[in-house]
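Participant: Below you'll find the structure I mean.
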Amino acid sequence: MQYNIFQNLPAQAMTPEVSRKLLAYQEGEGGYTVNLMQAKAGAQAPAHSHPHQQVVYIISGRGDFLCGQETQTLTAGDVVQIAADVPHTFVSVAEEAVWLEFFTPAREDYRPQI
């Protein structure tokens with residue numbers, strides 16, 4: 001068992017408007033990465049893709065999310081399932097947003113620095 005006390009977890013700036021906290025990480029078969037993301041109103045990012053499956057759960061806020069060729073406005077409670085290698089991003093954040101993102105397998109580039 002491992003406890004990750006939220007206030008002890010460092011936030012990492014992805015851009016001046018977007019930050020993430022690594023909540024959980026497990027390597028190997030069945031591995032995963034879980035992040036808490038926060039974005040200020042007005043934030044946006046270029047589309048990107050990666051070889052990991054991803055699930056995004058919106059906790060609060062509102063923004064336009066691009067997945068593949070489709071853009072959808074997301075609000076609290078919405079979920080997006082993103083297949084590996086599909087381009088995606090928040091093209092604009094209308095209200096400060098907080099969301100959880102889950103990846104499988106684990107994102108090596110998000111490995112905790114111990």
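Naming scheme: A, B, ... for chains in displayed order of the structure tokens; residues 1 onward per chain; ligands 1 onward as shown.
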Please provide as a count of residues only all residues within 8 Å of region 6-9 of chain A, with the sequence filter that same-chain residues fewer than 2 positions apart are discarded (counting only C-alpha atoms).
Facilitator: 5
Participant: Please identify all polymer residues within 12 Å of Val55 (chain A), counting only C-alpha atoms, omitting same-chain residues fewer than 3 positions from it, and present them as a PDB file with N, CA, C and O atoms, in the first residue's frame.
Facilitator:
```
ATOM      1  N   TYR A  32      -0.170   2.212 -14.945  1.00  0.00           N
ATOM      2  CA  TYR A  32      -1.043   3.366 -15.143  1.00  0.00           C
ATOM      3  C   TYR A  32      -0.382   4.625 -14.617  1.00  0.00           C
ATOM      4  O   TYR A  32       0.597   4.579 -13.869  1.00  0.00           O
ATOM      5  N   THR A  33      -0.932   5.748 -15.022  1.00  0.00           N
ATOM      6  CA  THR A  33      -0.567   7.070 -14.512  1.00  0.00           C
ATOM      7  C   THR A  33      -1.861   7.813 -14.251  1.00  0.00           C
ATOM      8  O   THR A  33      -2.780   7.768 -15.072  1.00  0.00           O
ATOM      9  N   VAL A  34      -1.946   8.511 -13.106  1.00  0.00           N
ATOM     10  CA  VAL A  34      -3.111   9.326 -12.776  1.00  0.00           C
ATOM     11  C   VAL A  34      -2.615  10.721 -12.411  1.00  0.00           C
ATOM     12  O   VAL A  34      -1.757  10.862 -11.533  1.00  0.00           O
ATOM     13  N   ASN A  35      -3.137  11.732 -13.095  1.00  0.00           N
ATOM     14  CA  ASN A  35      -2.773  13.124 -12.843  1.00  0.00           C
ATOM     15  C   ASN A  35      -4.009  13.954 -12.509  1.00  0.00           C
ATOM     16  O   ASN A  35      -5.098  13.695 -13.039  1.00  0.00           O
ATOM     17  N   HIS A  52      -0.448   5.863 -25.425  1.00  0.00           N
ATOM     18  CA  HIS A  52      -1.179   5.428 -24.235  1.00  0.00           C
ATOM     19  C   HIS A  52      -2.674   5.659 -24.433  1.00  0.00           C
ATOM     20  O   HIS A  52      -3.070   6.644 -25.042  1.00  0.00           O
ATOM     21  N   ILE A  58     -13.766  15.423 -16.166  1.00  0.00           N
ATOM     22  CA  ILE A  58     -13.818  16.843 -15.828  1.00  0.00           C
ATOM     23  C   ILE A  58     -14.448  17.006 -14.446  1.00  0.00           C
ATOM     24  O   ILE A  58     -15.597  16.599 -14.220  1.00  0.00           O
ATOM     25  N   CYS A  67     -10.782  15.964 -29.960  1.00  0.00           N
ATOM     26  CA  CYS A  67     -10.356  14.557 -29.945  1.00  0.00           C
ATOM     27  C   CYS A  67     -10.530  14.028 -31.362  1.00  0.00           C
ATOM     28  O   CYS A  67     -11.660  13.978 -31.864  1.00  0.00           O
ATOM     29  N   ASP A  78     -18.284  15.351 -17.277  1.00  0.00           N
ATOM     30  CA  ASP A  78     -18.060  14.749 -18.589  1.00  0.00           C
ATOM     31  C   ASP A  78     -16.804  13.886 -18.581  1.00  0.00           C
ATOM     32  O   ASP A  78     -15.856  14.140 -17.838  1.00  0.00           O
ATOM     33  N   VAL A  79     -16.811  12.869 -19.429  1.00  0.00           N
ATOM     34  CA  VAL A  79     -15.697  11.926 -19.553  1.00  0.00           C
ATOM     35  C   VAL A  79     -15.360  11.770 -21.030  1.00  0.00           C
ATOM     36  O   VAL A  79     -16.254  11.692 -21.872  1.00  0.00           O
ATOM     37  N   VAL A  80     -14.068  11.723 -21.334  1.00  0.00           N
ATOM     38  CA  VAL A  80     -13.603  11.454 -22.695  1.00  0.00           C
ATOM     39  C   VAL A  80     -12.687  10.244 -22.642  1.00  0.00           C
ATOM     40  O   VAL A  80     -11.771  10.190 -21.816  1.00  0.00           O
ATOM     41  N   GLN A  81     -12.930   9.271 -23.505  1.00  0.00           N
ATOM     42  CA  GLN A  81     -12.050   8.117 -23.656  1.00  0.00           C
ATOM     43  C   GLN A  81     -11.272   8.317 -24.945  1.00  0.00           C
ATOM     44  O   GLN A  81     -11.861   8.485 -26.012  1.00  0.00           O
ATOM     45  N   ILE A  82      -9.947   8.323 -24.843  1.00  0.00           N
ATOM     46  CA  ILE A  82      -9.084   8.631 -25.980  1.00  0.00           C
ATOM     47  C   ILE A  82      -8.240   7.404 -26.302  1.00  0.00           C
ATOM     48  O   ILE A  82      -7.471   6.934 -25.455  1.00  0.00           O
ATOM     49  N   ALA A  83      -8.362   6.913 -27.512  1.00  0.00           N
ATOM     50  CA  ALA A  83      -7.563   5.764 -27.935  1.00  0.00           C
ATOM     51  C   ALA A  83      -6.112   6.192 -28.140  1.00  0.00           C
ATOM     52  O   ALA A  83      -5.815   7.377 -28.346  1.00  0.00           O
ATOM     53  N   ALA A  84      -5.212   5.239 -28.085  1.00  0.00           N
ATOM     54  CA  ALA A  84      -3.789   5.504 -28.320  1.00  0.00           C
ATOM     55  C   ALA A  84      -3.603   6.156 -29.681  1.00  0.00           C
ATOM     56  O   ALA A  84      -4.310   5.839 -30.643  1.00  0.00           O
ATOM     57  N   HIS A  88      -5.325  15.038 -29.602  1.00  0.00           N
ATOM     58  CA  HIS A  88      -6.324  15.608 -28.705  1.00  0.00           C
ATOM     59  C   HIS A  88      -5.727  16.776 -27.930  1.00  0.00           C
ATOM     60  O   HIS A  88      -4.510  16.884 -27.794  1.00  0.00           O
ATOM     61  N   TRP A  99      -9.364  18.681 -13.928  1.00  0.00           N
ATOM     62  CA  TRP A  99      -9.759  17.362 -14.408  1.00  0.00           C
ATOM     63  C   TRP A  99      -8.745  16.316 -13.977  1.00  0.00           C
ATOM     64  O   TRP A  99      -7.608  16.621 -13.643  1.00  0.00           O
ATOM     65  N   LEU A 100      -9.216  15.087 -13.958  1.00  0.00           N
ATOM     66  CA  LEU A 100      -8.349  13.930 -13.735  1.00  0.00           C
ATOM     67  C   LEU A 100      -8.047  13.308 -15.083  1.00  0.00           C
ATOM     68  O   LEU A 100      -8.917  13.265 -15.964  1.00  0.00           O
ATOM     69  N   GLU A 101      -6.817  12.837 -15.235  1.00  0.00           N
ATOM     70  CA  GLU A 101      -6.487  12.085 -16.435  1.00  0.00           C
ATOM     71  C   GLU A 101      -5.813  10.786 -16.025  1.00  0.00           C
ATOM     72  O   GLU A 101      -4.984  10.762 -15.125  1.00  0.00           O
ATOM     73  N   PHE A 102      -6.240   9.719 -16.674  1.00  0.00           N
ATOM     74  CA  PHE A 102      -5.760   8.371 -16.409  1.00  0.00           C
ATOM     75  C   PHE A 102      -5.118   7.846 -17.686  1.00  0.00           C
ATOM     76  O   PHE A 102      -5.711   7.957 -18.751  1.00  0.00           O
ATOM     77  N   PHE A 103      -3.938   7.263 -17.587  1.00  0.00           N
ATOM     78  CA  PHE A 103      -3.238   6.689 -18.737  1.00  0.00           C
ATOM     79  C   PHE A 103      -2.910   5.228 -18.462  1.00  0.00           C
ATOM     80  O   PHE A 103      -2.549   4.869 -17.346  1.00  0.00           O
ATOM     81  N   THR A 104      -2.985   4.420 -19.511  1.00  0.00           N
ATOM     82  CA  THR A 104      -2.465   3.069 -19.451  1.00  0.00           C
ATOM     83  C   THR A 104      -1.887   2.738 -20.818  1.00  0.00           C
ATOM     84  O   THR A 104      -2.478   3.118 -21.837  1.00  0.00           O
ATOM     85  N   PRO A 105      -0.719   2.106 -20.897  1.00  0.00           N
ATOM     86  CA  PRO A 105       0.173   1.838 -19.774  1.00  0.00           C
ATOM     87  C   PRO A 105       0.710   3.140 -19.187  1.00  0.00           C
ATOM     88  O   PRO A 105       0.396   4.226 -19.662  1.00  0.00           O
TER      89      PRO A 105
END
```
Participant: From the set A:Phe90, A:Gln53, A:Pro16, A:Gln44, which residue has the shortest atom-to-atom contact distance to Gly31 (chain A), counting only C-alpha atoms?
Facilitator: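 Smallest separation from Gly31 (chain A) among the options: A:Gln53.
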Participant: List every residue of chain A that DSSP, applied to the backbone, labels as strand (DSSP E or B), and write the result as a PyMOL selection string.
Facilitator: chain A and resi 11-13+18-26+32-39+48+53-67+70-75+79-82+88-104
Participant: If you measure from CA of Met1 (chain A) to CA of Gly28 (chain A), what distance in Å do you get, rounded to one decimal?
Facilitator: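 Here the two named atoms are 16.6 Å from each other.
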Participant: In terms of the shortest atom-to-atom distance over only C-alpha atoms, which of A:Thr71, A:Gln113, A:Ser60, A:Gln38 is closest to Val18 (chain A)?
Facilitator: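 Of all the options, A:Gln38 lies closest to Val18 (chain A).
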Participant: Which residues, written as number ranges by chain, have at least one atom at most 6 Å from Ser49 (chain A), with only C-alpha atoms counted and residues fewer than 6 positions away on the same chain left out?
Facilitator: A: 85-87
Participant: Could you pull out the residues in chain A that DSSP calls helix (DSSP H, G or I) from the backbone, as a ChimeraX atom specification?
Facilitator: /A:6-8,108-110
Participant: Generate the output file for the selected residues, C-alpha atoms, as a compact mmCIF listing (two decimals), in the first residue's frame.
Facilitator:
```txt
# COMPACT_ATOMS: atom_id res chain seq x y z
CA PHE A 6 -2.29 15.45 -1.73
CA GLN A 7 -0.73 18.49 -0.03
CA ASN A 8 2.68 16.79 -0.17
CA GLU A 108 7.29 6.93 -18.83
CA ASP A 109 7.75 10.68 -19.28
CA TYR A 110 5.66 11.25 -16.11
```
Participant: Restricting the calculation to only C-alpha atoms: of A:Glu17, A:Gln2, A:Arg111, A:Tyr25, which residue gets closest to Ala41 (chain A)?
Facilitator: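 Of A:Glu17, A:Gln2, A:Arg111, A:Tyr25, the one nearest Ala41 (chain A), counting only C-alpha atoms, is A:Glu17.
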Participant: Which residues are near Ser92 (chain A)? Cut-off 6 Å, only C-alpha atoms, ignore same chain within fewer than 5 positions. Put them as number ranges by chain.
Facilitator: A: 43-44, 63-64
Participant: Please dump the current selection as a compact mmCIF listing (two decimals), in the first residue's frame; keep N, CA, C and O atoms.
Facilitator:
```txt
# COMPACT_ATOMS: atom_id res chain seq x y z
N ALA A 43 -6.56 29.24 -21.25
CA ALA A 43 -5.49 28.30 -21.60
C ALA A 43 -5.86 27.53 -22.87
O ALA A 43 -7.03 27.27 -23.14
N GLN A 44 -4.84 27.19 -23.62
CA GLN A 44 -5.00 26.33 -24.79
C GLN A 44 -3.68 25.66 -25.07
O GLN A 44 -2.65 26.09 -24.55
N GLY A 63 -14.60 23.87 -21.12
CA GLY A 63 -13.70 24.15 -22.22
C GLY A 63 -14.03 23.33 -23.44
O GLY A 63 -14.81 22.37 -23.37
N ASP A 64 -13.46 23.73 -24.56
CA ASP A 64 -13.65 23.01 -25.82
C ASP A 64 -12.49 22.04 -25.99
O ASP A 64 -11.32 22.43 -25.97
```
Participant: Which residue gives the smallest distance to Ala47 (chain A) among A:Gly77, A:Gly61, A:Gly30, A:Gly68, with only C-alpha atoms counted?
Facilitator: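 Using only C-alpha atoms, Ala47 (chain A) sits closest to A:Gly68.
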Participant: Nearest to Pro46 (chain A): which of A:Ile59, A:Val91, A:Leu74, A:Val98 is it, counting only C-alpha atoms?
Facilitator: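 Of all the options, A:Val91 lies closest to Pro46 (chain A).
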Participant: I need the residue nearest Val93 (chain A) from this list: A:Pro112, A:Pro10, A:Pro51, A:Gly42. Use only C-alpha atoms for the distance.
Facilitator: A:Gly42
